[in-house]
Structure formats: C-alpha cells, structure tokens
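A.B. asks: Enclosed is the structure file upload33.csv (CSV, C-alpha atoms and all ligand atoms).
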```
chain,number,residue,atom,x,y,z
A,177,MET,CA,70.0,63.6,36.0
A,178,GLY,CA,68.4,60.8,37.9
A,179,LYS,CA,64.9,59.6,37.0
A,180,TRP,CA,63.4,60.9,40.2
A,181,THR,CA,65.0,64.3,40.0
A,182,ASN,CA,63.7,64.6,36.4
A,183,LEU,CA,60.3,63.6,37.6
A,184,ILE,CA,60.2,66.5,40.1
A,185,LYS,CA,61.7,69.0,37.7
A,186,GLN,CA,59.4,68.1,34.8
A,187,THR,CA,56.2,68.2,36.8
A,188,THR,CA,56.9,71.8,38.0
A,189,ASP,CA,56.5,74.4,35.3
A,190,SER,CA,56.5,77.6,37.4
A,191,ASP,CA,54.5,80.6,36.3
A,192,PRO,CA,57.0,83.2,35.0
A,193,ILE,CA,54.6,86.1,35.7
A,194,SER,CA,53.6,85.5,39.3
A,195,GLY,CA,56.3,83.1,40.4
A,196,ALA,CA,53.7,80.5,41.4
A,197,VAL,CA,55.6,77.3,42.0
A,198,ASN,CA,53.0,75.0,40.4
A,199,THR,CA,52.0,74.8,36.7
A,200,PRO,CA,49.2,77.3,36.1
A,201,ILE,CA,45.8,75.9,35.1
A,202,GLN,CA,45.0,77.8,31.9
A,203,LEU,CA,41.2,77.5,31.7
A,204,SER,CA,40.9,79.1,28.3
A,205,SER,CA,39.4,77.6,25.2
A,206,THR,CA,40.7,80.3,22.9
A,207,PHE,CA,43.7,82.6,22.8
A,208,SER,CA,43.8,86.2,21.6
A,209,GLN,CA,46.1,86.9,18.6
A,210,ALA,CA,48.5,89.8,18.5
A,211,ASP,CA,47.2,91.3,15.2
A,212,PHE,CA,45.7,90.4,11.9
A,213,ASP,CA,48.9,88.8,10.6
A,214,THR,CA,50.7,87.6,13.7
A,215,TYR,CA,49.3,84.4,15.3
A,216,GLY,CA,50.8,83.0,18.5
A,217,HIS,CA,51.7,79.5,19.5
A,218,PHE,CA,48.3,78.8,20.9
A,219,ASP,CA,45.0,79.5,19.2
A,220,TYR,CA,42.3,77.1,20.4
A,221,SER,CA,42.7,74.6,23.2
A,222,ARG,CA,41.8,71.5,21.2
A,223,SER,CA,44.9,72.2,19.1
A,224,GLY,CA,47.1,73.2,22.1
A,225,ASN,CA,46.9,74.5,25.6
A,226,PRO,CA,49.8,75.7,27.9
A,227,THR,CA,48.8,73.4,30.8
A,228,ARG,CA,48.3,70.4,28.6
A,229,GLU,CA,51.5,71.2,26.8
A,230,SER,CA,53.4,71.2,30.1
A,231,GLY,CA,51.9,67.8,30.9
A,232,GLU,CA,52.8,66.5,27.4
A,233,ARG,CA,56.4,67.6,27.7
A,234,THR,CA,56.6,65.9,31.1
A,235,LEU,CA,55.3,62.6,29.9
A,236,ALA,CA,57.6,62.7,26.8
A,237,SER,CA,60.6,63.4,29.0
A,238,LEU,CA,59.8,60.6,31.4
A,239,GLU,CA,59.5,58.0,28.6
A,240,GLY,CA,62.7,59.3,27.0
A,241,GLY,CA,60.7,60.6,23.9
A,242,LYS,CA,60.6,63.8,22.0
A,243,TYR,CA,56.8,64.1,21.6
A,244,GLY,CA,54.0,63.5,24.1
A,245,TYR,CA,50.2,63.8,23.6
A,246,LEU,CA,47.6,63.7,26.4
A,247,PHE,CA,44.2,62.3,25.9
A,248,SER,CA,41.0,62.2,27.9
A,249,THR,CA,41.4,58.5,28.7
A,250,GLY,CA,43.8,55.7,28.0
A,251,MET,CA,41.4,54.4,25.4
A,252,ALA,CA,41.3,57.8,23.7
A,253,ALA,CA,45.1,57.7,23.5
A,254,ILE,CA,45.2,54.1,22.1
A,255,SER,CA,42.3,54.7,19.7
A,256,SER,CA,43.9,57.9,18.4
A,257,VAL,CA,47.2,56.0,17.8
A,258,LEU,CA,45.4,53.3,16.0
A,259,PHE,CA,43.6,55.9,13.8
A,260,ILE,CA,46.9,56.7,12.2
A,261,PHE,CA,46.4,53.5,10.2
A,262,SER,CA,44.3,53.4,7.0
A,263,SER,CA,41.8,51.1,5.2
A,264,GLY,CA,43.6,48.0,4.1
A,265,ASP,CA,46.2,48.0,6.9
A,266,HIS,CA,46.6,45.0,9.1
A,267,LEU,CA,48.0,44.8,12.7
A,268,VAL,CA,49.4,41.9,14.7
A,269,VAL,CA,48.4,42.3,18.3
A,270,SER,CA,49.2,40.5,21.5
A,271,LYS,CA,46.3,38.1,22.3
A,272,GLN,CA,46.3,39.3,25.9
A,273,VAL,CA,45.7,42.9,25.0
A,274,TYR,CA,43.6,45.1,27.3
A,275,GLY,CA,39.8,44.6,26.8
A,276,GLY,CA,39.1,48.1,25.6
A,277,THR,CA,41.9,47.9,23.0
A,278,PHE,CA,40.4,44.6,21.8
A,279,ARG,CA,37.0,46.3,21.5
A,280,ILE,CA,38.3,49.0,19.2
A,281,LEU,CA,40.2,46.5,17.2
A,282,HIS,CA,37.3,44.0,16.9
A,283,ASP,CA,34.2,46.2,16.7
A,284,VAL,CA,35.3,49.6,15.4
A,285,LEU,CA,38.4,49.6,13.2
A,286,PRO,CA,37.2,46.7,10.9
A,287,ARG,CA,34.3,49.1,9.8
A,288,PHE,CA,37.1,51.3,8.4
A,289,GLY,CA,39.0,48.5,6.8
A,290,ILE,CA,41.7,48.1,9.4
A,291,THR,CA,42.1,44.4,10.4
A,292,TYR,CA,44.1,42.5,13.0
A,293,ASP,CA,45.2,39.1,14.2
A,294,LEU,CA,45.7,38.2,17.8
A,295,VAL,CA,48.8,36.2,18.6
A,296,ASP,CA,50.7,34.8,21.6
A,297,PHE,CA,53.5,37.4,21.9
A,298,SER,CA,55.7,35.2,24.0
A,299,ASN,CA,56.2,33.2,20.8
A,300,ILE,CA,58.2,35.2,18.1
A,301,GLU,CA,57.6,32.5,15.5
A,302,GLU,CA,53.8,32.9,16.0
A,303,ILE,CA,54.1,36.6,15.4
A,304,LYS,CA,56.2,36.0,12.3
A,305,LYS,CA,53.6,33.7,10.9
A,306,ALA,CA,50.8,36.2,11.4
A,307,ILE,CA,52.6,39.0,9.4
A,308,LYS,CA,50.9,39.6,6.0
A,309,PRO,CA,52.0,41.8,3.1
A,310,ASN,CA,49.7,44.5,4.4
A,311,THR,CA,50.7,44.3,8.1
A,312,LYS,CA,51.8,47.7,9.3
A,313,ALA,CA,52.5,47.3,13.1
A,314,LEU,CA,53.0,45.0,16.0
A,315,TYR,CA,51.2,45.8,19.2
A,316,ILE,CA,52.8,44.8,22.5
A,317,GLU,CA,51.5,44.9,26.1
A,318,THR,CA,53.9,43.7,28.7
A,319,PRO,CA,53.3,42.6,31.4
A,320,ALA,CA,49.9,41.8,30.1
A,321,ASN,CA,46.6,41.9,32.1
A,322,PRO,CA,45.8,40.0,34.3
A,323,THR,CA,48.2,37.1,33.8
A,324,LEU,CA,51.3,39.3,33.8
A,325,ASN,CA,52.5,37.5,30.7
A,326,ILE,CA,55.8,38.9,29.5
A,327,THR,CA,56.7,39.9,25.9
A,328,ASP,CA,60.4,40.2,24.9
A,329,ILE,CA,60.3,43.9,23.7
A,330,SER,CA,63.7,43.8,22.0
A,331,ALA,CA,62.9,40.6,20.1
A,332,VAL,CA,59.6,42.0,18.8
A,333,VAL,CA,61.3,45.2,17.8
A,334,ALA,CA,64.0,43.2,16.0
A,335,LEU,CA,61.4,41.3,14.0
A,336,ALA,CA,59.5,44.6,13.3
A,337,LYS,CA,62.6,46.3,12.0
A,338,GLU,CA,63.5,43.3,9.8
A,339,GLN,CA,60.0,43.4,8.3
A,340,GLY,CA,59.7,47.2,8.1
A,341,LEU,CA,56.9,47.4,10.7
A,342,LEU,CA,56.0,49.8,13.4
A,343,THR,CA,55.9,48.7,17.1
A,344,ILE,CA,53.4,50.1,19.6
A,345,ALA,CA,53.7,49.3,23.3
A,346,ASP,CA,51.2,49.7,26.1
A,347,ASN,CA,53.4,50.5,29.1
A,348,THR,CA,50.6,51.0,31.7
A,349,PHE,CA,51.6,48.2,34.1
A,350,MET,CA,55.3,49.3,34.4
A,351,THR,CA,55.4,53.1,34.2
A,352,PRO,CA,58.3,54.9,32.5
A,353,LEU,CA,60.3,54.8,35.7
A,354,THR,CA,60.5,51.0,35.5
A,355,GLN,CA,60.4,50.1,31.8
A,356,ARG,CA,61.2,52.4,28.8
A,357,PRO,CA,60.1,50.8,25.6
A,358,LEU,CA,61.3,53.7,23.4
A,359,GLU,CA,64.9,53.0,24.5
A,360,LEU,CA,64.4,49.4,23.3
A,361,GLY,CA,63.4,50.6,19.8
A,362,VAL,CA,59.6,50.8,20.2
A,363,ASP,CA,58.1,53.5,18.0
A,364,ILE,CA,55.1,54.6,20.1
A,365,VAL,CA,54.4,54.1,23.8
A,366,VAL,CA,50.8,54.4,25.1
A,367,HIS,CA,49.5,54.5,28.7
A,368,SER,CA,46.4,54.6,30.6
A,369,ALA,CA,47.5,57.5,32.8
A,370,THR,CA,44.4,56.7,34.9
A,371,LYS,CA,46.4,54.1,36.6
A,372,PHE,CA,49.9,54.5,38.2
A,373,LEU,CA,50.7,57.9,36.5
A,374,ALA,CA,47.8,59.7,38.1
A,375,GLY,CA,47.7,57.2,40.9
A,376,HIS,CA,44.8,58.2,43.1
A,377,SER,CA,41.7,56.7,41.4
A,378,ASP,CA,40.5,60.2,40.7
A,379,ILE,CA,40.9,61.1,37.0
A,380,LEU,CA,40.9,59.3,33.7
A,381,ALA,CA,43.8,60.2,31.3
A,382,GLY,CA,45.8,58.7,28.5
A,383,VAL,CA,49.1,59.4,26.8
A,384,ALA,CA,51.0,58.6,23.7
A,385,VAL,CA,54.8,59.2,23.3
A,386,THR,CA,57.1,58.9,20.3
A,387,ASN,CA,60.5,60.0,19.1
A,388,ASP,CA,59.7,60.0,15.5
A,389,ASP,CA,58.9,63.3,13.8
A,390,GLU,CA,56.7,61.8,11.2
A,391,LEU,CA,54.7,59.6,13.6
A,392,ALA,CA,54.4,62.6,16.0
A,393,LYS,CA,52.8,64.6,13.2
A,394,ARG,CA,50.3,61.8,12.4
A,395,ILE,CA,49.4,61.4,16.1
A,396,TYR,CA,49.0,65.2,16.6
A,397,PHE,CA,46.8,65.4,13.5
A,398,ILE,CA,44.4,62.8,14.9
A,399,GLN,CA,44.5,64.3,18.4
A,400,ASN,CA,43.5,67.7,17.0
A,401,ALA,CA,41.0,66.1,14.5
A,402,VAL,CA,39.2,63.8,16.9
A,403,GLY,CA,39.6,66.1,19.9
A,404,ALA,CA,39.7,63.6,22.7
A,405,THR,CA,42.2,65.8,24.6
A,406,LEU,CA,42.8,65.9,28.4
A,407,GLY,CA,41.2,68.9,30.1
A,408,VAL,CA,43.5,71.3,32.0
A,409,THR,CA,42.2,70.6,35.5
A,410,ASP,CA,42.8,66.9,35.0
A,411,THR,CA,46.2,67.7,33.5
A,412,TRP,CA,47.1,69.5,36.7
A,413,LEU,CA,45.9,66.6,38.8
A,414,LEU,CA,48.0,64.2,36.6
A,415,LEU,CA,51.1,66.4,37.2
A,416,ARG,CA,50.3,66.5,40.9
A,417,GLY,CA,49.9,62.7,41.0
A,418,LEU,CA,53.1,62.2,38.9
A,419,LYS,CA,55.3,64.0,41.5
A,420,THR,CA,54.9,61.0,43.9
A,421,LEU,CA,55.1,58.3,41.2
A,422,GLY,CA,58.6,57.4,42.2
A,423,VAL,CA,57.9,56.7,45.9
A,424,ARG,CA,54.4,55.3,45.2
A,425,TYR,CA,55.6,52.8,42.6
A,426,LYS,CA,58.7,51.8,44.6
A,427,ARG,CA,56.7,51.1,47.8
A,428,SER,CA,53.8,49.3,46.0
A,429,SER,CA,56.3,47.1,44.1
A,430,GLU,CA,58.2,46.2,47.2
A,431,SER,CA,55.0,45.2,48.9
A,432,ALA,CA,53.8,43.3,45.9
A,433,GLN,CA,57.0,41.3,45.9
A,434,THR,CA,56.6,40.5,49.6
A,435,ILE,CA,52.9,39.5,49.1
A,436,ALA,CA,53.7,37.4,46.0
A,437,GLU,CA,56.4,35.5,47.9
A,438,HIS,CA,54.0,35.0,50.9
A,439,LEU,CA,51.2,33.8,48.7
A,440,GLN,CA,53.5,31.4,46.8
A,441,ALA,CA,54.3,29.7,50.1
A,442,ASP,CA,50.6,29.3,50.9
A,443,LYS,CA,49.2,25.8,50.0
A,444,ARG,CA,45.7,27.2,49.5
A,445,VAL,CA,47.0,29.3,46.6
A,446,VAL,CA,47.2,27.2,43.4
A,447,GLN,CA,49.5,29.6,41.5
A,448,VAL,CA,50.9,33.1,41.8
A,449,LEU,CA,51.5,35.2,38.7
A,450,TYR,CA,54.0,38.0,39.3
A,451,PRO,CA,57.0,39.0,37.1
A,452,GLY,CA,59.2,39.5,40.2
A,453,LEU,CA,59.0,35.7,41.0
A,454,SER,CA,61.7,33.6,39.5
A,455,SER,CA,59.0,30.9,38.8
A,456,HIS,CA,57.1,33.4,36.6
A,457,LYS,CA,57.2,32.5,32.8
A,458,GLY,CA,59.4,35.2,31.2
A,459,TYR,CA,61.0,36.2,34.4
A,460,ASP,CA,64.5,36.5,32.8
A,461,ILE,CA,63.2,38.6,29.9
A,462,HIS,CA,61.4,40.9,32.4
A,463,GLN,CA,64.5,41.3,34.5
A,464,ARG,CA,66.4,42.4,31.3
A,465,GLN,CA,63.8,45.0,30.2
A,466,ALA,CA,62.3,46.3,33.5
A,467,SER,CA,63.7,47.3,36.9
A,468,SER,CA,61.0,45.8,39.1
A,469,GLY,CA,58.3,43.2,39.2
A,470,GLY,CA,55.7,45.9,39.4
A,471,ALA,CA,52.8,46.5,41.8
A,472,VAL,CA,50.2,44.1,40.3
A,473,LEU,CA,50.0,40.3,40.9
A,474,SER,CA,47.4,37.7,40.2
A,475,PHE,CA,46.8,34.5,42.2
A,476,ASP,CA,44.6,31.5,41.7
A,477,VAL,CA,42.6,30.2,44.7
A,478,GLY,CA,41.3,27.2,42.8
A,479,SER,CA,37.7,28.0,42.0
A,480,LEU,CA,35.1,30.7,41.5
A,481,GLU,CA,33.6,29.8,44.9
A,482,ASN,CA,36.9,30.2,46.6
A,483,ALA,CA,37.5,33.5,44.8
A,484,ARG,CA,34.1,34.7,46.0
A,485,LYS,CA,34.9,33.8,49.6
A,486,VAL,CA,38.3,35.5,49.5
A,487,VAL,CA,36.8,38.7,48.0
A,488,GLU,CA,33.9,38.7,50.5
A,489,HIS,CA,36.2,38.4,53.5
A,490,LEU,CA,39.0,40.8,52.5
A,491,GLU,CA,38.7,44.0,54.5
A,492,ILE,CA,41.5,46.3,53.2
A,493,PRO,CA,41.6,46.1,49.4
A,494,ILE,CA,38.6,47.6,47.7
A,495,PHE,CA,36.8,45.3,45.3
A,496,SER,CA,36.7,47.1,42.0
A,497,VAL,CA,38.1,47.4,38.5
A,498,SER,CA,41.1,49.5,37.8
A,499,LEU,CA,44.6,49.4,39.4
A,500,GLY,CA,47.6,51.5,40.1
A,501,ALA,CA,46.2,53.6,43.0
A,502,VAL,CA,47.2,54.5,46.5
A,503,GLU,CA,44.6,52.0,47.8
A,504,SER,CA,44.9,48.3,47.1
A,505,ILE,CA,42.4,47.0,44.6
A,506,ILE,CA,41.2,43.4,44.3
A,507,SER,CA,39.4,42.4,41.1
A,508,TYR,CA,37.9,39.2,39.7
A,509,PRO,CA,38.9,39.4,36.0
A,510,PRO,CA,36.4,36.8,34.7
A,511,LYS,CA,33.5,39.0,35.8
A,512,MET,CA,35.1,42.4,35.5
A,513,SER,CA,37.8,43.3,32.9
A,514,HIS,CA,37.3,40.2,30.9
A,515,ALA,CA,33.5,39.7,31.3
A,516,GLU,CA,33.0,39.7,27.5
A,517,LEU,CA,35.0,36.4,27.1
A,518,ASN,CA,33.3,33.0,27.5
A,519,SER,CA,34.8,30.3,29.7
A,520,GLU,CA,36.8,28.8,26.8
A,521,GLU,CA,38.2,32.1,25.7
A,522,LEU,CA,39.1,32.9,29.3
A,523,LEU,CA,41.2,29.7,29.6
A,524,GLU,CA,42.7,30.4,26.1
A,525,VAL,CA,44.3,33.6,27.6
A,526,GLY,CA,45.2,32.0,30.9
A,527,ILE,CA,42.4,33.3,33.1
A,528,THR,CA,41.4,30.4,35.3
A,529,PRO,CA,38.1,30.5,37.3
A,530,GLY,CA,39.9,31.1,40.6
A,531,LEU,CA,42.1,34.0,39.4
A,532,LEU,CA,42.1,37.2,41.4
A,533,ARG,CA,44.1,40.3,40.5
A,534,LEU,CA,45.6,42.4,43.3
A,535,SER,CA,46.9,45.9,42.6
A,536,VAL,CA,49.0,46.7,45.7
A,537,GLY,CA,48.6,50.2,47.2
A,538,LEU,CA,50.4,52.0,50.0
A,539,GLU,CA,49.0,50.3,53.1
A,540,ASP,CA,51.3,48.5,55.6
A,541,VAL,CA,52.3,45.3,53.9
A,542,GLU,CA,51.9,43.4,57.2
A,543,ASP,CA,48.2,44.5,57.3
A,544,LEU,CA,47.7,43.4,53.7
A,545,ILE,CA,49.2,40.0,54.4
A,546,ASP,CA,47.2,39.5,57.6
A,547,ASP,CA,44.1,40.4,55.7
A,548,LEU,CA,44.9,38.0,52.9
A,549,ASP,CA,45.6,35.2,55.4
A,550,GLN,CA,42.3,35.7,57.2
A,551,ALA,CA,40.4,35.8,53.9
A,552,LEU,CA,42.1,32.7,52.6
A,553,SER,CA,41.2,30.8,55.8
A,554,TYR,CA,37.6,30.7,54.6
A,555,ILE,CA,38.4,28.6,51.5
A,556,ASP,CA,38.3,24.8,51.5
A,601,LIG,C1,43.0,50.8,32.0
A,601,LIG,C2,43.9,50.4,30.8
A,601,LIG,C3,43.7,50.9,29.6
A,601,LIG,C4,42.6,51.9,29.2
A,601,LIG,O1,42.7,53.1,29.9
A,601,LIG,P1,41.5,54.0,30.3
A,601,LIG,O2,42.1,55.1,31.0
A,601,LIG,O3,40.6,53.2,31.2
A,601,LIG,O4,40.7,54.4,29.1
A,601,LIG,C5,44.5,50.5,28.6
A,601,LIG,N1,45.5,49.6,28.8
A,601,LIG,C6,45.7,49.1,30.0
A,601,LIG,C7,46.9,48.1,30.2
A,601,LIG,C8,44.9,49.4,31.1
A,601,LIG,O5,45.1,48.9,32.3
```
Can you give me the file's structure in the form of structure tokens?

C.D. replies:
Amino acid sequence: MGKWTNLIKQTTDSDPISGAVNTPIQLSSTFSQADFDTYGHFDYSRSGNPTRESGERTLASLEGGKYGYLFSTGMAAISSVLFIFSSGDHLVVSKQVYGGTFRILHDVLPRFGITYDLVDFSNIEEIKKAIKPNTKALYIETPANPTLNITDISAVVALAKEQGLLTIADNTFMTPLTQRPLELGVDIVVHSATKFLAGHSDILAGVAVTNDDELAKRIYFIQNAVGATLGVTDTWLLLRGLKTLGVRYKRSSESAQTIAEHLQADKRVVQVLYPGLSSHKGYDIHQRQASSGGAVLSFDVGSLENARKVVEHLEIPIFSVSLGAVESIISYPPKMSHAELNSEELLEVGITPGLLRLSVGLEDVEDLIDDLDQALSYID
C-alpha cells in the first residue's frame, strides 16, 4: 500500500456502532468494568483512551513502527522519552538540538543525575570522542533548526550499534512521509506534531514511536506515570490535520525548493540554507535518507538591520515562532527560537545575525516570491 493510501486509511477509524466515518471522540476519563473480576482494555484515560489509541496506532504506522505514544506537546514527548534514562546515564546530543530539548537536557535532567555532551553530529569522529563508559544514547535531529544541518542517520546508527547505544531521532522537520528513521535503524523517533503533522497552527501535540517491545514498555510506563497525554479533542484534530499531510507537505516542499532557488540567485541574499539545494552541506546524505528538501529554508540577508527591514516589509508570511503550517511563517531565530544563546553561541551553531527562517505554507508560490522580492528591495 502506498504511503498516501495508508495515511488516509490510518486516519479513519470508523465507529462500528453508528457507522460514523470519522474516529469517535471518546470524552471519558473512566471506563466501566464488566464485573468484579473482569477488567476491560480501558480503565482510565491517562492509561489509555480509544481516541488517543487510534491516533497512536496511526502515527506508529506512518513511521513504520509497532508502538506509538501521543503526548500533550512535542516537549512532553521528548521529555518522556528522556525520562527512560536513569541517574548516572550520559547522552551524546547534536549541538543543534531544538531549544526546548536543550533546556530539558541542561536545566532539568542533570538534577536527576542524567548528563549530556553536545557535539557536531555532521562529524562522526566527534561523536565517537564524546562517548563515555556511561553513555546510553545518541540524540539526532536532522535537518536541524534553523541551519538545516544534516546528520547522516545510518552512520550514527552504525556507530551506536557498534557501541551498544540507543539512537533517538527528532523527525519533526521531515515528517514520516519523507524520512523514516526507524527503517534506518533508529530506536525511537520523536516529533513535535504541533508542526507539519497537525499542520494548521491550532493544537500542540507530540509523539514517540518505536519498534522495540522493551523500549515501548519503558516509554508507556513514563507516559502513564507522568501523564502528559494528548487530549481526545486534540487527537481528533491531529487525525484531521494528518489526512492532508501528503498534499500539504508535497506542495510546501515544492514551493520551498522554488523559493530557495530564487533566493540563491539574488545578490542581496548572502546565503540560502536548504537541503534541496546541491550547494547545501550534507545534500548528498540528505538525498539518500529523505525524499524531499522539506518545507523550511533559512536565508541570510547580511545583518540584523536587513533582517528587520525584510520582516517589516513582508506582507504574506506571518512573523512568528513555529513552522509547518498552512500559512507561511517567517521567524528571526536569534530573537525567537534561540533567544537564550549569546552572540558567540549563536555563531557557534551557525546562526548569523542576518538569518531568517521561512516555513513555506500553501499560498501561491509566485505571490510568496513577489513578496520576498519587494521586501528585499528595502535592504542596502
Ligand atoms: C517545535 C519543536 C519541538 C517542540 O515541540 P512542541 O510541540 O513545541 O513542544 C521539538 N523539536 C522540534 C524540531 C521542533 O521544531
């Protein structure tokens, strides 16, 4: 079955009682039990709920995994996955990891004795050097935010297997239709489903998927223990959003490719970072492991002042954080997603003062290009 057919089939769990075509929203915190000795599959919605279970099965299937878990946000999913580790454990993490993930690693987990080192994941030797006797996992994010840096998933998996380590991959930027880390040997895939999966800048959601029975038990234990589960109405909205993921992501990626090529030819733009451009570092690796350049690109307009002018004159993209929605979103990472880094730390992860990130939505690509052109005309 094709990926898009599977997407439609999976997101439609009809109600066997009424025949309703859409997955029923089971707004029930508790479930009655047949008798004193016979307990059903569901008892309390933190532990399991039919609507959430339908969503979890869907996400597992899309990623090619056996087990999926839905959480209230991407950070709840990522944190819950990291809570499977114990005091004394060490993680090696891509230095371009999402800011919220960095916050958990830096400010929360060390209080429980879980430590980490940040490493440039485009350099396998660097990862190898950072591995300690107590290292338990390697944490990948590719393409990374906002530089779209590429990590060679198979190479990291090979190193992890050789050293007996787990691999975790944040697949938010690519979606399971475009990149499937589990098939490349990754143990756990996480997502901010807030972005492309839900796709409409409406809900927050997170997901973790694995194929491994033992890891699934550990993640489920934390999901139930911590209780940061996705509510049923939001699960329904996620399923509703997912139905159009195929067409949304395809169109946005094609537009992003066109815009990236257009901006690359513009002399006012110092640099374009987009995994669909052959000039992008890691392009060949990305081509091997993903089927499109994706819908997010970053471009450097030379200075903070120029970035300000472009943002102030753009009329179509909304100026905000987040990405992966039907509307185009422009953001200025140094003051938004990466505001906690000082100027030295920003440069260290490749975020220059003139860098803007554009998440391409579903508008006419000609309109987006015209808008970018007129906004760029204000810079020196
Ligand atoms: C947004 C994002 C997250 C966090 O997800 P939330 O839903 O905002 O909690 C994690 N990873 C990446 C790559 C993201 O873009």

A.B. asks: From the options A:Gln463, A:Ser368, A:Thr234, A:Thr214, which residue's atoms come nearest to A:Ile184, counting all atoms listed in the file?

C.D. replies: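 Using all atoms listed in the file, the shortest distance to A:Ile184 belongs to A:Thr234.
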
A.B. asks: At a cut-off of 10 Å around ligand LIG 601 (chain A), and using only C-alpha atoms and all ligand atoms, what residues come up? Please write them as number ranges by chain.

C.D. replies: A: 247-255, 272-278, 317-322, 345-350, 366-372, 379-383, 497-500, 513

A.B. asks: To one decimal in Å, tell me the separation between atom CA of A:Lys426 and atom CA of A:Thr351.

C.D. replies: 11.0 Å

A.B. asks: Name all residues at most 12 Å from A:Lys457 (count all atoms listed in the file; drop same-chain ones fewer than 6 positions away) and give them as a PyMOL selection string.

C.D. replies: chain A and resi 298+319+323-328+447-451+463

A.B. asks: What's the separation between atom CA of A:Leu531 and atom CA of A:Ser507, in Å to one decimal place?

C.D. replies: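 Between atom CA of A:Leu531 and atom CA of A:Ser507 the gap is 9.0 Å.
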
A.B. asks: Give me the residues near A:Ile307 as a PyMOL selection string, where near means some atom within 10 Å (using all atoms listed in the file) and where sequence neighbours in that chain fewer than 6 positions away do not count.

C.D. replies: chain A and resi 266-268+292-293+313-314+336+339+341

A.B. asks: Atom CA of A:Ser496 to atom CA of A:Met512: how many Å, to one decimal?

C.D. replies: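 These two atoms are separated by 8.2 Å.
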
A.B. asks: Copy stretch 462-473 of chain A out of the block into a file, keeping N, CA and C atoms, as a PDB file, in the first residue's frame.

C.D. replies:
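Below you can see selection.pdb, which holds the result:
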```pdb
ATOM      1  N   HIS A 462      21.448  13.858   2.643  1.00  0.00           N
ATOM      2  CA  HIS A 462      20.003  14.102   2.760  1.00  0.00           C
ATOM      3  C   HIS A 462      19.244  13.412   1.629  1.00  0.00           C
ATOM      4  N   GLN A 463      19.790  13.487   0.414  1.00  0.00           N
ATOM      5  CA  GLN A 463      19.163  12.826  -0.738  1.00  0.00           C
ATOM      6  C   GLN A 463      18.993  11.333  -0.493  1.00  0.00           C
ATOM      7  N   ARG A 464      19.983  10.728   0.171  1.00  0.00           N
ATOM      8  CA  ARG A 464      19.945   9.283   0.444  1.00  0.00           C
ATOM      9  C   ARG A 464      18.864   8.926   1.462  1.00  0.00           C
ATOM     10  N   GLN A 465      18.676   9.785   2.468  1.00  0.00           N
ATOM     11  CA  GLN A 465      17.819   9.382   3.589  1.00  0.00           C
ATOM     12  C   GLN A 465      16.447  10.045   3.606  1.00  0.00           C
ATOM     13  N   ALA A 466      16.214  11.002   2.700  1.00  0.00           N
ATOM     14  CA  ALA A 466      14.919  11.690   2.687  1.00  0.00           C
ATOM     15  C   ALA A 466      14.491  11.915   1.239  1.00  0.00           C
ATOM     16  N   SER A 467      13.167  12.053   1.038  1.00  0.00           N
ATOM     17  CA  SER A 467      12.696  12.128  -0.343  1.00  0.00           C
ATOM     18  C   SER A 467      12.344  13.549  -0.794  1.00  0.00           C
ATOM     19  N   SER A 468      12.625  14.559   0.044  1.00  0.00           N
ATOM     20  CA  SER A 468      12.465  15.933  -0.438  1.00  0.00           C
ATOM     21  C   SER A 468      13.285  16.861   0.447  1.00  0.00           C
ATOM     22  N   GLY A 469      13.493  18.075  -0.035  1.00  0.00           N
ATOM     23  CA  GLY A 469      14.267  19.049   0.742  1.00  0.00           C
ATOM     24  C   GLY A 469      13.476  19.618   1.905  1.00  0.00           C
ATOM     25  N   GLY A 470      12.170  19.360   1.918  1.00  0.00           N
ATOM     26  CA  GLY A 470      11.332  19.839   3.008  1.00  0.00           C
ATOM     27  C   GLY A 470      10.765  21.220   2.745  1.00  0.00           C
ATOM     28  N   ALA A 471      10.047  21.727   3.723  1.00  0.00           N
ATOM     29  CA  ALA A 471       9.280  22.958   3.541  1.00  0.00           C
ATOM     30  C   ALA A 471       9.844  24.132   4.335  1.00  0.00           C
ATOM     31  N   VAL A 472      11.032  23.950   4.909  1.00  0.00           N
ATOM     32  CA  VAL A 472      11.643  25.032   5.692  1.00  0.00           C
ATOM     33  C   VAL A 472      12.997  25.394   5.098  1.00  0.00           C
ATOM     34  N   LEU A 473      13.240  26.697   4.937  1.00  0.00           N
ATOM     35  CA  LEU A 473      14.544  27.154   4.476  1.00  0.00           C
ATOM     36  C   LEU A 473      14.964  28.356   5.297  1.00  0.00           C
TER      37      LEU A 473
END
```
